[in-house]
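Raw target_18.txt, compact mmCIF, C-alpha atoms:
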```txt
# COMPACT_ATOMS: atom_id res chain seq x y z
CA MET K 7 60.80 150.02 105.47
CA VAL K 8 61.84 146.62 106.83
CA GLY K 9 65.38 145.29 106.55
CA PHE K 10 66.69 141.82 107.34
CA VAL K 11 69.87 141.00 109.27
CA PRO K 12 71.18 137.63 110.51
CA ALA K 13 69.45 136.88 113.82
CA LYS K 14 72.69 135.63 115.39
CA ALA K 15 74.80 138.63 114.36
CA ASP K 16 76.77 140.16 117.22
CA PRO K 17 77.04 143.97 116.75
CA GLN K 18 79.71 144.36 119.41
CA ARG K 19 81.93 141.66 117.91
CA GLN K 20 81.54 143.36 114.55
CA ARG K 21 82.53 146.72 116.03
CA ASP K 22 85.58 145.18 117.71
CA PHE K 23 86.66 143.35 114.54
CA LEU K 24 86.23 146.50 112.47
CA LYS K 25 88.33 148.58 114.84
CA SER K 26 91.06 146.08 115.72
CA THR K 27 91.46 144.15 112.48
CA LEU K 28 89.61 145.31 109.37
CA LEU K 29 90.30 149.05 109.36
CA PRO K 30 94.03 148.62 110.16
CA LEU K 31 94.31 146.20 107.20
CA ILE K 32 92.53 148.69 104.95
CA ARG K 33 94.99 151.41 106.00
CA LYS K 34 97.93 149.13 105.15
CA ALA K 35 96.41 148.34 101.77
CA GLU K 36 95.95 152.03 101.02
CA LYS K 37 99.65 152.52 101.73
CA HIS K 38 100.47 149.57 99.43
CA GLU K 39 102.02 147.67 102.32
CA ILE K 40 99.80 144.65 101.64
CA SER K 41 97.50 143.27 98.94
CA LEU K 42 94.06 143.10 100.57
CA PHE K 43 91.20 141.04 99.16
CA PHE K 44 87.60 140.39 100.15
CA MET K 45 86.53 136.91 98.99
CA ASP K 46 83.19 135.16 98.67
CA ALA K 47 81.17 133.10 96.20
CA SER K 48 77.95 134.02 94.44
CA HIS K 49 75.62 131.51 92.81
CA PHE K 50 73.67 132.93 89.87
CA VAL K 51 70.65 130.79 88.99
CA MET K 52 69.40 131.33 85.45
CA GLY K 53 65.89 132.66 85.74
CA GLY K 54 64.00 135.85 86.46
CA PHE K 55 65.66 138.60 88.50
CA VAL K 56 63.30 141.23 89.85
CA GLY K 57 64.00 144.79 88.73
CA ARG K 58 62.23 148.06 88.01
CA VAL K 59 61.14 148.98 84.51
CA TRP K 60 59.24 152.22 83.98
CA SER K 61 56.35 151.79 81.57
CA ILE K 62 52.89 153.25 80.99
CA VAL K 63 51.48 149.77 80.43
CA ARG K 64 52.25 146.53 82.22
CA LYS K 65 55.28 144.76 80.79
CA TYR K 66 56.05 141.06 80.91
CA ILE K 67 59.60 139.77 80.68
CA LYS K 68 60.34 136.18 79.80
CA THR K 69 62.14 134.02 82.30
CA ALA K 70 64.14 130.89 81.66
CA SER K 71 62.95 127.55 82.96
CA GLY K 72 65.15 125.09 84.81
CA ARG K 73 67.77 125.60 87.49
CA GLN K 74 71.05 126.04 85.63
CA ARG K 75 73.54 127.74 87.90
CA PHE K 76 76.68 129.77 87.30
CA ASN K 77 78.95 129.80 90.36
CA VAL K 78 81.55 132.53 90.79
CA LEU K 79 84.17 132.65 93.52
CA GLY K 80 85.43 136.23 93.60
CA ALA K 81 88.31 138.00 95.29
CA LEU K 82 87.97 141.79 95.35
CA ASN K 83 91.16 143.84 95.46
CA TYR K 84 90.37 146.67 97.88
CA VAL K 85 92.72 149.18 96.24
CA THR K 86 92.31 148.51 92.51
CA LYS K 87 88.65 147.36 92.76
CA LYS K 88 89.45 144.55 90.32
CA VAL K 89 87.72 141.23 90.97
CA GLU K 90 89.62 138.01 90.33
CA THR K 91 87.38 135.01 89.66
CA VAL K 92 87.17 131.24 89.56
CA ALA K 93 83.91 130.03 88.04
CA ASN K 94 82.09 126.81 87.20
CA THR K 95 78.61 125.38 86.69
CA THR K 96 78.78 122.68 89.37
CA TYR K 97 79.87 123.66 92.90
CA ILE K 98 82.32 125.93 94.69
CA THR K 99 84.40 123.80 97.05
CA SER K 100 87.72 123.97 98.82
CA VAL K 101 89.36 122.98 95.53
CA GLN K 102 88.20 126.20 93.87
CA VAL K 103 89.26 128.22 96.94
CA VAL K 104 92.79 126.82 96.66
CA GLU K 105 92.72 127.54 92.92
CA MET K 106 91.94 131.15 93.79
CA LEU K 107 94.79 131.26 96.31
CA GLU K 108 97.18 129.98 93.66
CA GLN K 109 95.93 132.59 91.22
CA LEU K 110 96.41 135.45 93.67
CA ALA K 111 99.87 134.24 94.68
CA LYS K 112 100.99 134.32 91.04
CA LYS K 113 99.51 137.73 90.21
CA TYR K 114 100.13 139.80 93.33
CA SER K 115 103.07 140.69 95.50
CA LYS K 116 103.13 139.53 99.09
CA PRO K 117 102.01 139.91 101.79
CA ILE K 118 98.49 138.93 100.69
CA LYS K 119 95.63 139.14 103.18
CA ILE K 120 92.15 137.79 102.42
CA ILE K 121 88.98 138.68 104.30
CA LEU K 122 86.45 135.85 104.11
CA ASP K 123 83.55 134.25 105.96
CA ASN K 124 83.40 131.01 107.90
CA ALA K 125 81.97 128.69 105.24
CA ARG K 126 83.24 125.15 105.84
CA TYR K 127 84.84 124.86 102.42
CA GLN K 128 86.90 127.98 103.18
CA ARG K 129 87.88 127.23 106.76
CA CYS K 130 88.92 123.61 106.29
CA ASN K 131 92.48 122.36 106.84
CA PHE K 132 93.05 121.85 103.11
CA VAL K 133 92.54 125.57 102.47
CA LYS K 134 94.47 126.67 105.56
CA GLU K 135 97.46 124.47 104.73
CA ASN K 136 97.65 125.73 101.16
CA ALA K 137 97.29 129.33 102.29
CA GLU K 138 100.23 128.83 104.64
CA ARG K 139 102.24 127.18 101.86
CA LEU K 140 101.61 130.17 99.59
CA GLY K 141 102.30 132.74 102.30
CA ILE K 142 98.72 134.05 102.29
CA GLU K 143 96.98 135.09 105.50
CA LEU K 144 93.30 134.23 105.82
CA VAL K 145 91.38 136.66 108.03
CA PHE K 146 88.01 135.22 109.01
CA LEU K 147 85.09 137.54 109.71
CA PRO K 148 82.99 137.25 112.86
CA THR K 149 80.15 134.79 112.24
CA TYR K 150 77.02 136.18 110.55
CA SER K 151 78.76 139.31 109.28
CA PRO K 152 78.12 139.62 105.52
CA ASN K 153 77.86 143.39 106.01
CA LEU K 154 81.62 143.48 106.65
CA ASN K 155 82.51 141.62 103.45
CA LEU K 156 82.77 144.26 100.73
CA ILE K 157 82.44 141.80 97.86
CA GLU K 158 78.79 141.31 98.83
CA ARG K 159 78.22 144.81 97.47
CA VAL K 160 79.86 143.78 94.21
CA TRP K 161 77.44 140.90 93.70
CA LYS K 162 74.47 143.23 94.14
CA LEU K 163 75.94 145.63 91.60
CA VAL K 164 76.51 142.86 89.05
CA LYS K 165 72.90 141.71 89.35
CA SER K 166 71.62 145.25 88.86
CA LEU K 167 73.81 145.77 85.80
CA VAL K 168 73.13 142.64 83.78
CA LEU K 169 70.42 140.49 85.39
CA ASN K 170 67.57 142.56 86.80
CA SER K 171 64.58 142.52 84.43
CA ALA K 172 66.70 140.78 81.78
CA TYR K 173 66.03 137.63 79.78
CA TYR K 174 68.69 135.26 78.45
CA ALA K 175 67.59 132.52 76.10
CA ALA K 176 70.89 130.64 76.26
CA PHE K 177 72.84 129.65 79.36
CA ASP K 178 76.14 130.56 77.67
CA ASP K 179 74.87 134.11 77.14
CA PHE K 180 73.77 134.27 80.76
CA CYS K 181 77.21 133.20 82.01
CA GLY K 182 79.01 135.41 79.50
CA SER K 183 77.17 138.55 80.54
CA ILE K 184 77.98 137.94 84.20
CA SER K 185 81.65 137.26 83.49
CA LYS K 186 82.00 140.30 81.25
CA ALA K 187 80.37 142.57 83.83
CA ILE K 188 82.61 141.34 86.65
CA GLU K 189 85.76 141.59 84.53
CA GLY K 190 85.08 145.21 83.60
CA LEU K 191 83.76 146.57 86.89
CA HIS K 192 86.95 148.40 87.89
CA VAL K 193 87.05 150.16 84.50
CA GLU K 194 83.52 150.44 83.09
CA ASN K 195 81.93 151.11 86.49
CA ALA K 196 84.85 152.77 88.23
CA ALA K 197 82.79 155.57 89.80
CA GLU K 198 80.23 153.18 91.28
CA MET K 199 82.94 150.86 92.56
CA HIS K 200 84.80 153.74 94.18
CA THR K 201 81.62 154.70 96.05
CA LEU K 202 80.68 151.15 97.03
CA ILE K 203 84.11 149.84 98.01
CA SER K 204 85.23 152.08 100.84
CA ASP K 205 85.92 152.03 104.56
CA LYS K 206 82.30 152.85 105.36
CA PHE K 207 80.46 149.98 107.00
CA HIS K 208 77.02 149.63 108.54
CA ILE K 209 76.46 147.66 111.71
CA VAL K 210 72.84 146.98 112.57
CA ASP K 211 71.99 146.65 116.25
CA THR K 212 68.49 145.18 116.36
CA ASP K 213 68.34 145.39 120.17
CA LYS K 214 68.76 149.15 119.99
CA ASN K 215 66.81 149.36 116.71
CA GLU K 216 69.55 151.44 115.10
CA THR K 217 71.92 151.33 112.16
CA LEU K 218 75.39 152.70 112.76
CA GLY K 219 77.30 154.13 109.85
CA LEU K 220 80.96 153.71 110.77
CA VAL K 221 83.59 155.77 109.00
CA ALA K 222 87.30 155.41 109.65
```
The structure in this file should be written as structure tokens.
Amino acid sequence: MVGFVPAKADPQRQRDFLKSTLLPLIRKAEKHEISLFFMDASHFVMGGFVGRVWSIVRKYIKTASGRQRFNVLGALNYVTKKVETVANTTYITSVQVVEMLEQLAKKYSKPIKIILDNARYQRCNFVKENAERLGIELVFLPTYSPNLNLIERVWKLVKSLVLNSAYYAAFDDFCGSISKAIEGLHVENAAEMHTLISDKFHIVDTDKNETLGLVA
């Protein structure tokens, strides 16, 4: 079996970040000392999503034509497993990131900490200044470290639940199914979310050809 990891990923930096920053924040969140979120965007393009369907005969599933896209910026609450969202059909920019910050500041008690990657629209001054204004701390992951961002697991789960091997004739139905799935994850799929969203992380060291399962 072949797996793919970012070529520029630094396993040692990931280990250091996990030990010095990420796991201590998770412990504080578990003690309800902070509200901890993992944030990232996913871009769902309406079309065919590969999945497995067991059948005696070959099955064909329709796929939509075109490139209509549903963009979702999500912030995963580590403790409750609820995902807050800001969505559109155009682009996710720094404006939507600040909208999310405003949303979290209104709904959750401080201090709020957000784990996120180094995308330009998230690390720009506009976002940083608004985060400071709202009293939110942005904690940036080491570069090329999607394996440390727990919301990446959520996006995979959403695709498996409502998109794989599924056909949507209307774009509104496509968007609605995604939104409904995300909104109900912490309730309808509580067991799966509890398993997926934990302090267990994998760090792949391609030089040593090994995968390390790290448990706090």
For region 145-207 of chain K against region 23-36 of chain K, with a cut-off of 10 Å and counting all atoms listed in the file, what is the closest atom pair and its distance in Å to one decimal for every residue that makes the cut, ordered by chain and number, as a Markdown table?
```
| residue | atom | partner | partner_atom | distance |
| --- | --- | --- | --- | --- |
| K:Val145 | CA | K:Thr27 | CA | 8.7 |
| K:Phe146 | CA | K:Phe23 | CA | 9.9 |
| K:Leu147 | CA | K:Phe23 | CA | 7.7 |
| K:Pro148 | CA | K:Phe23 | CA | 7.3 |
| K:Leu154 | CA | K:Leu24 | CA | 8.0 |
| K:Asn155 | CA | K:Leu28 | CA | 10.0 |
| K:Ser204 | CA | K:Ile32 | CA | 9.0 |
| K:Asp205 | CA | K:Leu29 | CA | 7.1 |
| K:Lys206 | CA | K:Leu29 | CA | 9.7 |
| K:Phe207 | CA | K:Leu24 | CA | 8.7 |
```
Kindly export the residues of the current selection with C-alpha atoms, as a short mmCIF file (atom, residue, chain, number, x, y, z; two decimals), in the frame of the given file.
```cif
data_model
loop_
_atom_site.label_atom_id
_atom_site.label_comp_id
_atom_site.auth_asym_id
_atom_site.auth_seq_id
_atom_site.Cartn_x
_atom_site.Cartn_y
_atom_site.Cartn_z
CA VAL K 145 91.38 136.66 108.03
CA PHE K 146 88.01 135.22 109.01
CA LEU K 147 85.09 137.54 109.71
CA PRO K 148 82.99 137.25 112.86
CA LEU K 154 81.62 143.48 106.65
CA ASN K 155 82.51 141.62 103.45
CA SER K 204 85.23 152.08 100.84
CA ASP K 205 85.92 152.03 104.56
CA LYS K 206 82.30 152.85 105.36
CA PHE K 207 80.46 149.98 107.00
#
```
Would you kindly return, as a PyMOL selection string, each protein, DNA or RNA residue with an atom no farther than 7 Å from any atom of Thr95 (chain K), considering only C-alpha atoms and excluding same-chain residues fewer than 2 positions away? chain K and resi 75-77+97
Could you jot down the CA of Glu39 (chain K) to CA of Ala187 (chain K) separation for me, Å, one decimal place? 28.9 Å
With distances taken over all atoms listed in the file, the candidate from K:Pro17, K:Gly190, K:Gly182, K:Pro152 nearest Ile121 (chain K) is K:Pro152
Find the residues near Ile142 (chain K): any atom within 10 Å, counting all atoms listed in the file, skip ones fewer than 5 places away on the same chain, and give them as a compact mmCIF listing (two decimals) with C-alpha atoms, in the coordinates of the input.
```txt
# COMPACT_ATOMS: atom_id res chain seq x y z
CA SER K 41 97.50 143.27 98.94
CA LEU K 107 94.79 131.26 96.31
CA GLU K 108 97.18 129.98 93.66
CA LEU K 110 96.41 135.45 93.67
CA ALA K 111 99.87 134.24 94.68
CA LYS K 116 103.13 139.53 99.09
CA PRO K 117 102.01 139.91 101.79
CA ILE K 118 98.49 138.93 100.69
CA LYS K 119 95.63 139.14 103.18
CA ILE K 120 92.15 137.79 102.42
CA LYS K 134 94.47 126.67 105.56
CA GLU K 135 97.46 124.47 104.73
CA ASN K 136 97.65 125.73 101.16
CA ALA K 137 97.29 129.33 102.29
```
Quick one: residues within 6 Å of Ala81 (chain K), only C-alpha atoms, excluding same-chain residues fewer than 2 positions away - as a list in words?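 Surrounding residues, per the criterion: Phe43, Phe44, Met45, Val89 and Glu90 of chain K.
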If I take CA of Asp178 (chain K) and CA of Met199 (chain K), how far is one from the other in Å, to one decimal? 26.1 Å
What does the distance from CA of Glu158 (chain K) to CA of Val101 (chain K) come to in Å, to one decimal? 21.4 Å
Using all atoms listed in the file, which residue out of K:Asn153, K:Ser48, K:Gln74, K:Thr86 lies closest to Leu191 (chain K)?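 Of all the options, K:Thr86 lies closest to Leu191 (chain K).
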Using all atoms listed in the file, which of K:Ala47, K:Ile188, K:Leu122, K:Leu82 sits nearest Leu167 (chain K)? K:Ile188
K:Ser185, K:Ala197, K:Asp211, K:Arg126: which is nearest Trp161 (chain K), counting only C-alpha atoms?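 Going through K:Ser185, K:Ala197, K:Asp211, K:Arg126 one by one, the smallest distance to Trp161 (chain K) is for K:Ser185.
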